[in-house]
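coords.csv follows; it contains CSV, C-alpha atoms.
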chain,number,residue,atom,x,y,z
A,281,MET,CA,30.9,-8.4,21.0
A,282,ASN,CA,32.3,-4.9,21.1
A,283,PRO,CA,29.5,-2.4,21.9
A,284,THR,CA,30.7,0.0,19.2
A,285,LEU,CA,30.7,-2.8,16.6
A,286,GLY,CA,27.2,-3.9,17.7
A,287,ILE,CA,25.8,-0.3,17.2
A,288,ALA,CA,27.4,-0.1,13.8
A,289,VAL,CA,25.8,-3.4,12.8
A,290,ILE,CA,22.4,-2.3,14.0
A,291,LEU,CA,22.7,1.1,12.1
A,292,THR,CA,23.7,-0.7,9.0
A,293,VAL,CA,20.7,-3.1,9.2
A,294,LEU,CA,18.4,-0.2,9.9
A,295,GLN,CA,19.8,1.8,6.9
A,296,ALA,CA,19.3,-1.2,4.6
A,297,ALA,CA,15.8,-1.9,5.8
A,298,HIS,CA,13.2,-0.2,3.5
A,299,CYS,CA,15.8,1.8,1.5
A,300,GLN,CA,13.2,2.9,-1.0
A,301,MET,CA,9.5,2.8,-1.4
A,302,ILE,CA,7.5,3.4,-4.6
A,303,LYS,CA,5.1,6.2,-3.9
A,304,ASP,CA,3.3,6.5,-7.2
A,305,LEU,CA,3.2,4.9,-10.7
A,306,SER,CA,1.6,6.9,-13.5
A,307,ALA,CA,1.4,6.8,-17.3
A,308,CYS,CA,0.8,9.4,-19.9
A,309,LEU,CA,1.2,10.0,-23.7
A,310,LEU,CA,4.1,12.3,-24.8
A,311,GLY,CA,3.5,12.7,-28.5
A,312,GLN,CA,3.6,9.2,-29.9
A,313,SER,CA,5.5,7.9,-26.9
A,314,LEU,CA,4.4,6.4,-23.6
A,315,ARG,CA,5.9,7.8,-20.5
A,316,VAL,CA,5.7,5.8,-17.2
A,317,ASP,CA,6.8,7.7,-14.1
A,318,CYS,CA,7.8,5.6,-11.1
A,319,ARG,CA,8.2,8.0,-8.1
A,320,TYR,CA,9.8,6.7,-5.0
A,321,GLU,CA,11.1,7.7,-1.6
A,322,ASN,CA,14.7,7.0,-1.1
A,323,LYS,CA,16.2,6.7,2.4
A,324,THR,CA,19.7,5.8,1.4
A,325,SER,CA,22.5,6.9,-1.0
A,326,ASN,CA,23.0,3.3,-2.2
A,327,PRO,CA,22.7,2.9,-6.0
A,328,LEU,CA,19.2,2.1,-7.3
A,329,THR,CA,18.5,-0.7,-9.8
A,330,TYR,CA,15.2,-0.8,-11.7
A,331,GLU,CA,13.1,-2.9,-14.1
A,332,PHE,CA,10.2,-1.9,-16.2
A,333,SER,CA,8.2,-4.7,-17.7
A,334,ILE,CA,4.8,-5.4,-19.2
A,335,THR,CA,2.4,-8.3,-18.7
A,336,LYS,CA,0.5,-9.3,-21.8
A,337,ASP,CA,-1.3,-12.6,-22.4
A,338,ASN,CA,-0.2,-13.8,-18.9
A,339,ARG,CA,3.5,-13.4,-19.8
A,340,LYS,CA,6.0,-10.9,-18.4
A,341,HIS,CA,8.1,-9.0,-21.0
A,342,VAL,CA,11.1,-7.0,-19.8
A,343,ILE,CA,11.1,-3.5,-21.5
A,344,HIS,CA,14.2,-1.9,-19.9
A,345,SER,CA,16.2,-3.0,-16.9
A,346,THR,CA,19.4,-2.8,-14.9
A,347,ILE,CA,18.3,-6.0,-13.1
A,348,SER,CA,17.8,-8.4,-16.0
A,349,VAL,CA,18.0,-8.5,-19.8
A,350,SER,CA,15.5,-6.5,-21.9
A,351,GLU,CA,13.6,-8.2,-24.7
A,352,ASN,CA,14.8,-7.5,-28.3
A,353,ILE,CA,11.4,-6.0,-29.4
A,354,TYR,CA,11.7,-3.2,-26.9
A,355,ARG,CA,15.5,-2.4,-26.9
A,356,SER,CA,15.4,0.1,-29.8
A,357,ARG,CA,12.2,1.8,-28.6
A,358,ALA,CA,12.7,2.1,-24.8
A,359,ASN,CA,14.9,4.3,-22.7
A,360,VAL,CA,14.9,5.3,-19.1
A,361,THR,CA,15.9,8.6,-17.4
A,362,MET,CA,16.5,9.0,-13.7
A,363,HIS,CA,15.9,12.2,-11.7
A,364,LYS,CA,15.8,12.7,-8.0
A,365,ASN,CA,13.2,10.2,-6.7
A,366,LEU,CA,11.9,9.6,-10.2
A,367,VAL,CA,12.6,6.9,-12.8
A,368,CYS,CA,10.9,7.5,-16.1
A,369,LEU,CA,10.4,4.9,-18.9
A,370,TYR,CA,9.9,6.3,-22.4
A,371,LEU,CA,8.5,3.8,-25.0
A,372,GLN,CA,8.6,5.2,-28.5
A,373,SER,CA,6.0,4.5,-31.2
A,374,PHE,CA,3.4,3.4,-28.6
A,375,THR,CA,0.5,1.5,-30.1
A,376,THR,CA,-2.5,-0.5,-28.9
A,377,SER,CA,-0.3,-3.6,-29.2
A,378,ASP,CA,1.8,-2.2,-26.3
A,379,GLU,CA,-1.2,-2.1,-24.0
A,380,GLY,CA,-1.1,-4.2,-20.8
A,381,VAL,CA,-0.1,-4.1,-17.1
A,382,TYR,CA,3.2,-2.2,-16.7
A,383,MET,CA,5.3,-2.9,-13.7
A,384,CYS,CA,8.0,-0.8,-12.1
A,385,GLU,CA,10.4,-2.7,-9.8
A,386,LEU,CA,13.0,-0.9,-7.7
A,387,LYS,CA,15.8,-2.2,-5.6
A,388,ALA,CA,18.5,-0.3,-3.7
A,389,THR,CA,22.0,-2.0,-3.5
A,390,ASN,CA,22.4,-3.8,-0.2
A,391,ASP,CA,18.6,-3.6,0.5
A,392,TYR,CA,17.8,-7.0,1.9
A,393,THR,CA,14.1,-6.4,2.4
A,394,GLY,CA,13.3,-7.2,-1.2
A,395,ASN,CA,12.2,-5.3,-4.3
A,396,GLN,CA,9.5,-2.6,-4.4
A,397,ILE,CA,7.0,-3.3,-7.1
A,398,LYS,CA,4.0,-1.3,-8.4
A,399,ASN,CA,1.7,-2.0,-11.4
A,400,ILE,CA,-0.5,0.2,-13.6
A,401,THR,CA,-2.8,-0.9,-16.4
A,402,VAL,CA,-2.1,1.1,-19.6
A,403,ILE,CA,-4.8,1.4,-22.3
A,404,LYS,CA,-4.0,3.8,-25.1
A,405,ASP,CA,-7.5,5.4,-25.5
A,406,LYS,CA,-7.6,6.0,-21.7
A,407,LEU,CA,-4.2,7.7,-21.4
A,408,GLU,CA,-4.0,11.5,-20.7
A,409,LYS,CA,-1.4,13.6,-22.4
A,410,CYS,CA,1.6,14.4,-20.3
A,411,ALA,CA,1.2,17.8,-18.6
A,412,GLY,CA,3.7,20.4,-19.7
A,413,PHE,CA,4.2,21.7,-16.2
A,414,SER,CA,5.3,18.3,-14.9
A,415,LEU,CA,7.9,18.1,-17.7
A,416,LEU,CA,9.3,21.4,-16.5
A,417,ILE,CA,9.4,20.2,-12.9
A,418,GLN,CA,11.4,17.1,-13.9
A,419,ASN,CA,14.0,19.1,-15.8
A,420,THR,CA,14.8,21.7,-13.2
A,421,SER,CA,17.9,23.0,-14.9
A,422,TRP,CA,15.8,24.0,-17.9
A,423,LEU,CA,13.3,25.7,-15.6
A,424,LEU,CA,16.1,27.5,-13.7
A,425,LEU,CA,17.5,28.7,-17.0
A,426,LEU,CA,14.1,30.0,-18.1
A,427,LEU,CA,13.6,31.9,-14.8
A,428,LEU,CA,17.1,33.4,-14.9
A,429,SER,CA,16.5,34.6,-18.5
A,430,LEU,CA,13.2,36.4,-17.8
A,431,PRO,CA,14.9,39.7,-16.8
A,432,LEU,CA,17.0,39.5,-20.0
A,433,LEU,CA,13.9,38.9,-22.1
A,434,GLN,CA,12.2,41.8,-20.5
A,435,ALA,CA,15.2,44.1,-21.2
A,436,VAL,CA,15.2,43.1,-24.8
A,437,ASP,CA,11.5,43.7,-25.1
A,438,PHE,CA,12.0,47.2,-23.5
A,439,VAL,CA,14.8,48.1,-25.9
A,440,SER,CA,12.8,47.1,-28.9
A,441,LEU,CA,10.0,49.5,-27.9

Could you render the structure from this file as C-alpha coordinates?
Amino acid sequence: MNPTLGIAVILTVLQAAHCQMIKDLSACLLGQSLRVDCRYENKTSNPLTYEFSITKDNRKHVIHSTISVSENIYRSRANVTMHKNLVCLYLQSFTTSDEGVYMCELKATNDYTGNQIKNITVIKDKLEKCAGFSLLIQNTSWLLLLLLSLPLLQAVDFVSL
(Lines of atoms letter the chains of each structure in order from A and count residues from 1; the text may use other names and numbers.)
(Lines give C-alpha, C1' and ligand atoms only; values in the text may rest on other atoms or scores of the structure.)
Protein backbone atom coordinates (compact mmCIF):
# COMPACT_ATOMS: atom_id res chain seq x y z
CA MET A 1 0.00 0.00 0.00
CA ASN A 2 1.18 3.49 -0.80
CA PRO A 3 2.36 5.17 2.48
CA THR A 4 0.52 8.40 1.63
CA LEU A 5 -2.70 6.49 1.05
CA GLY A 6 -2.20 4.59 4.32
CA ILE A 7 -1.81 7.84 6.27
CA ALA A 8 -4.91 9.28 4.61
CA VAL A 9 -6.93 6.20 5.59
CA ILE A 10 -5.72 6.39 9.21
CA LEU A 11 -6.55 10.11 9.43
CA THR A 12 -10.02 9.46 7.99
CA VAL A 13 -10.68 6.72 10.56
CA LEU A 14 -9.40 8.89 13.40
CA GLN A 15 -11.59 11.79 12.27
CA ALA A 16 -14.66 9.55 12.12
CA ALA A 17 -14.02 8.04 15.54
CA HIS A 18 -15.96 9.82 18.25
CA CYS A 19 -17.06 12.72 16.05
CA GLN A 20 -19.43 14.06 18.67
CA MET A 21 -20.06 13.49 22.34
CA ILE A 22 -23.14 14.59 24.26
CA LYS A 23 -21.88 16.67 27.17
CA ASP A 24 -25.15 17.64 28.84
CA LEU A 25 -28.89 17.13 28.56
CA SER A 26 -31.18 19.51 30.43
CA ALA A 27 -34.86 20.43 30.44
CA CYS A 28 -36.77 23.55 31.49
CA LEU A 29 -40.11 25.29 31.01
CA LEU A 30 -40.34 28.19 28.58
CA GLY A 31 -43.84 29.54 29.14
CA GLN A 32 -46.14 26.61 28.35
CA SER A 33 -43.46 24.82 26.31
CA LEU A 34 -40.85 22.28 27.30
CA ARG A 35 -37.31 22.98 26.14
CA VAL A 36 -34.78 20.14 26.11
CA ASP A 37 -31.19 21.23 25.47
CA CYS A 38 -28.77 18.64 24.13
CA ARG A 39 -25.23 20.07 24.33
CA TYR A 40 -22.47 18.23 22.54
CA GLU A 41 -18.82 18.46 21.63
CA ASN A 42 -18.29 18.15 17.89
CA LYS A 43 -14.92 17.16 16.50
CA THR A 44 -15.85 17.11 12.83
CA SER A 45 -17.55 19.29 10.23
CA ASN A 46 -19.70 16.35 9.09
CA PRO A 47 -23.47 16.98 9.18
CA LEU A 48 -25.22 16.03 12.42
CA THR A 49 -28.40 13.97 12.64
CA TYR A 50 -30.55 13.85 15.76
CA GLU A 51 -33.53 12.22 17.37
CA PHE A 52 -35.55 13.34 20.37
CA SER A 53 -37.85 10.73 21.82
CA ILE A 54 -39.75 9.97 25.01
CA THR A 55 -40.22 6.68 26.79
CA LYS A 56 -43.62 6.31 28.44
CA ASP A 57 -45.25 3.10 29.59
CA ASN A 58 -42.15 1.16 28.45
CA ARG A 59 -42.62 2.37 24.87
CA LYS A 60 -40.43 4.74 22.85
CA HIS A 61 -42.22 7.60 21.04
CA VAL A 62 -40.25 9.65 18.49
CA ILE A 63 -40.96 13.38 18.99
CA HIS A 64 -38.71 14.99 16.35
CA SER A 65 -36.00 13.41 14.26
CA THR A 66 -33.76 13.49 11.22
CA ILE A 67 -32.99 9.80 11.80
CA SER A 68 -36.50 8.28 11.79
CA VAL A 69 -40.16 9.29 11.44
CA SER A 70 -41.79 11.40 14.17
CA GLU A 71 -45.11 10.27 15.62
CA ASN A 72 -48.24 12.14 14.52
CA ILE A 73 -49.19 13.28 18.03
CA TYR A 74 -45.97 15.32 18.29
CA ARG A 75 -45.51 16.64 14.73
CA SER A 76 -47.60 19.80 15.14
CA ARG A 77 -46.25 20.57 18.64
CA ALA A 78 -42.51 19.94 18.30
CA ASN A 79 -39.69 21.77 16.60
CA VAL A 80 -35.92 21.71 16.87
CA THR A 81 -33.33 24.44 16.55
CA MET A 82 -29.63 23.86 16.11
CA HIS A 83 -26.95 26.25 17.30
CA LYS A 84 -23.24 25.69 17.59
CA ASN A 85 -22.83 22.59 19.79
CA LEU A 86 -26.49 22.73 20.90
CA VAL A 87 -29.64 21.01 19.64
CA CYS A 88 -32.85 22.29 21.30
CA LEU A 89 -36.21 20.55 21.28
CA TYR A 90 -39.28 22.73 21.90
CA LEU A 91 -42.50 20.91 22.75
CA GLN A 92 -45.49 23.27 22.79
CA SER A 93 -48.45 22.93 25.16
CA PHE A 94 -46.47 20.74 27.57
CA THR A 95 -48.69 18.93 30.10
CA THR A 96 -48.30 16.16 32.67
CA SER A 97 -49.26 13.64 29.95
CA ASP A 98 -45.93 14.56 28.28
CA GLU A 99 -43.90 13.50 31.34
CA GLY A 100 -41.42 10.67 30.90
CA VAL A 101 -37.82 9.87 30.08
CA TYR A 102 -36.63 12.08 27.21
CA MET A 103 -33.76 10.92 25.05
CA CYS A 104 -31.41 12.86 22.81
CA GLU A 105 -29.61 10.79 20.21
CA LEU A 106 -26.92 12.31 17.99
CA LYS A 107 -24.96 10.90 15.09
CA ALA A 108 -22.47 12.59 12.79
CA THR A 109 -22.44 11.51 9.15
CA ASN A 110 -19.71 8.90 8.55
CA ASP A 111 -19.27 8.30 12.30
CA TYR A 112 -18.94 4.54 12.52
CA THR A 113 -18.56 4.42 16.30
CA GLY A 114 -22.32 4.53 16.87
CA ASN A 115 -24.82 7.06 18.12
CA GLN A 116 -24.40 9.17 21.23
CA ILE A 117 -27.42 8.89 23.56
CA LYS A 118 -28.34 10.68 26.79
CA ASN A 119 -31.57 10.51 28.84
CA ILE A 120 -33.31 12.85 31.27
CA THR A 121 -36.45 12.27 33.34
CA VAL A 122 -38.94 15.12 32.91
CA ILE A 123 -41.66 15.76 35.49
CA LYS A 124 -43.61 19.00 35.03
CA ASP A 125 -43.80 19.97 38.74
CA LYS A 126 -40.02 19.54 39.13
CA LEU A 127 -38.99 21.60 36.09
CA GLU A 128 -37.30 24.97 36.52
CA LYS A 129 -38.18 27.92 34.32
CA CYS A 130 -35.67 28.51 31.56
CA ALA A 131 -33.17 31.17 32.54
CA GLY A 132 -33.33 34.37 30.51
CA PHE A 133 -29.56 34.64 30.39
CA SER A 134 -29.17 31.24 28.73
CA LEU A 135 -31.71 32.30 26.09
CA LEU A 136 -29.56 35.32 25.26
CA ILE A 137 -26.43 33.23 25.04
CA GLN A 138 -28.08 30.85 22.58
CA ASN A 139 -29.10 33.67 20.27
CA THR A 140 -25.82 35.55 20.04
CA SER A 141 -26.91 37.71 17.09
CA TRP A 142 -29.68 39.20 19.26
CA LEU A 143 -27.21 39.73 22.11
CA LEU A 144 -24.71 41.37 19.75
CA LEU A 145 -27.40 43.70 18.41
CA LEU A 146 -28.35 44.67 21.96
CA LEU A 147 -24.74 45.40 22.92
CA LEU A 148 -24.16 47.43 19.77
CA SER A 149 -27.32 49.48 20.37
CA LEU A 150 -26.44 50.47 23.96
CA PRO A 151 -24.46 53.59 22.93
CA LEU A 152 -27.35 54.64 20.70
CA LEU A 153 -29.83 54.17 23.57
CA GLN A 154 -27.59 56.18 25.88
CA ALA A 155 -27.37 58.99 23.29
CA VAL A 156 -31.16 59.09 22.93
CA ASP A 157 -31.53 59.20 26.72
CA PHE A 158 -29.01 62.05 26.91
CA VAL A 159 -30.82 64.06 24.20
CA SER A 160 -34.18 63.65 25.95
CA LEU A 161 -32.76 65.24 29.13

| Protein/DNA/RNA residues near (4.5, 0.1, -12.8), cut 8 Å, only C-alpha atoms, as a list of chain:residue names |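 Here is the list of nearby residues: A:Leu305, A:Ser306, A:Val316, A:Cys318, A:Phe332, A:Ser333, A:Val381, A:Tyr382, A:Met383, A:Cys384, A:Glu385, A:Ile397, A:Lys398, A:Asn399, A:Ile400.
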
| query | Hey, which of A:Lys387, A:Arg319, A:Lys303, A:Lys340 ends up closest to Leu366 (chain A)? Count all atoms listed in the file. | reply |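 With all atoms listed in the file as the atom set, the closest residue is A:Arg319.
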
| Quick one: of A:Asn390, A:Thr375, A:Asn326, A:Asn352, who's nearest to Val402 (chain A), counting all atoms listed in the file? | A:Thr375

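For the residues A:Asn359, A:Ser373, A:Ser350, A:Asn322, ranking by smallest atom-to-atom distance to Leu386 (chain A) using all atoms listed in the file places A:Asn322 first.
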
| task | Using only C-alpha atoms, find the one residue out of A:Asp378, A:Glu331, A:Asp337, A:Glu408 that sits nearest to Val360 (chain A). | result |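 Nearest candidate to Val360 (chain A) out of A:Asp378, A:Glu331, A:Asp337, A:Glu408: A:Glu331.
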
| query | What is the CA of His341 (chain A)-CA of Lys364 (chain A) distance in Å, reported with one decimal? | reply | 26.4 Å

| Neighbour list for Leu309 (chain A) as number ranges by chain, cut-off 8 Å, all atoms listed in the file, skip fewer than 5 positions in-chain | A: 314-315, 407-410

| In Å, how far is it from CA of Thr335 (chain A) to CA of Ser377 (chain A)? | 11.8 Å

| request: Could you jot down the CA of Thr346 (chain A) to CA of Ile403 (chain A) separation for me, Å, one decimal place? | output: 25.7 Å

Completion of region 316-330 of chain A up to N, CA and C atoms, as a short mmCIF file (atom, residue, chain, number, x, y, z; two decimals), keeping the file's coordinate frame:
data_model
loop_
_atom_site.label_atom_id
_atom_site.label_comp_id
_atom_site.auth_asym_id
_atom_site.auth_seq_id
_atom_site.Cartn_x
_atom_site.Cartn_y
_atom_site.Cartn_z
N VAL A 316 6.09 6.36 -18.52
CA VAL A 316 5.70 5.80 -17.20
C VAL A 316 6.59 6.34 -16.17
N ASP A 317 6.00 7.04 -15.21
CA ASP A 317 6.80 7.70 -14.10
C ASP A 317 6.65 6.82 -12.87
N CYS A 318 7.78 6.43 -12.34
CA CYS A 318 7.80 5.60 -11.10
C CYS A 318 8.50 6.53 -10.05
N ARG A 319 7.66 7.11 -9.18
CA ARG A 319 8.20 8.00 -8.10
C ARG A 319 8.39 7.18 -6.86
N TYR A 320 9.49 7.47 -6.19
CA TYR A 320 9.80 6.70 -5.00
C TYR A 320 10.42 7.60 -3.93
N GLU A 321 10.43 7.08 -2.73
CA GLU A 321 11.10 7.70 -1.60
C GLU A 321 12.32 6.96 -1.29
N ASN A 322 13.46 7.63 -1.33
CA ASN A 322 14.70 7.00 -1.10
C ASN A 322 15.30 7.37 0.22
N LYS A 323 15.67 6.40 1.03
CA LYS A 323 16.20 6.70 2.40
C LYS A 323 17.67 6.31 2.48
N THR A 324 18.33 6.13 1.34
CA THR A 324 19.70 5.80 1.40
C THR A 324 20.43 6.36 0.14
N SER A 325 21.74 6.43 0.19
CA SER A 325 22.50 6.90 -1.00
C SER A 325 23.00 5.73 -1.81
N ASN A 326 22.59 4.52 -1.47
CA ASN A 326 23.00 3.30 -2.20
C ASN A 326 22.45 3.42 -3.66
N PRO A 327 23.19 2.90 -4.64
CA PRO A 327 22.70 2.90 -6.00
C PRO A 327 21.39 2.17 -6.18
N LEU A 328 20.57 2.66 -7.10
CA LEU A 328 19.20 2.10 -7.30
C LEU A 328 19.24 1.30 -8.62
N THR A 329 18.66 0.11 -8.59
CA THR A 329 18.50 -0.70 -9.80
C THR A 329 16.95 -0.68 -10.09
N TYR A 330 16.60 -0.89 -11.35
CA TYR A 330 15.20 -0.80 -11.70
C TYR A 330 14.89 -1.84 -12.82
#
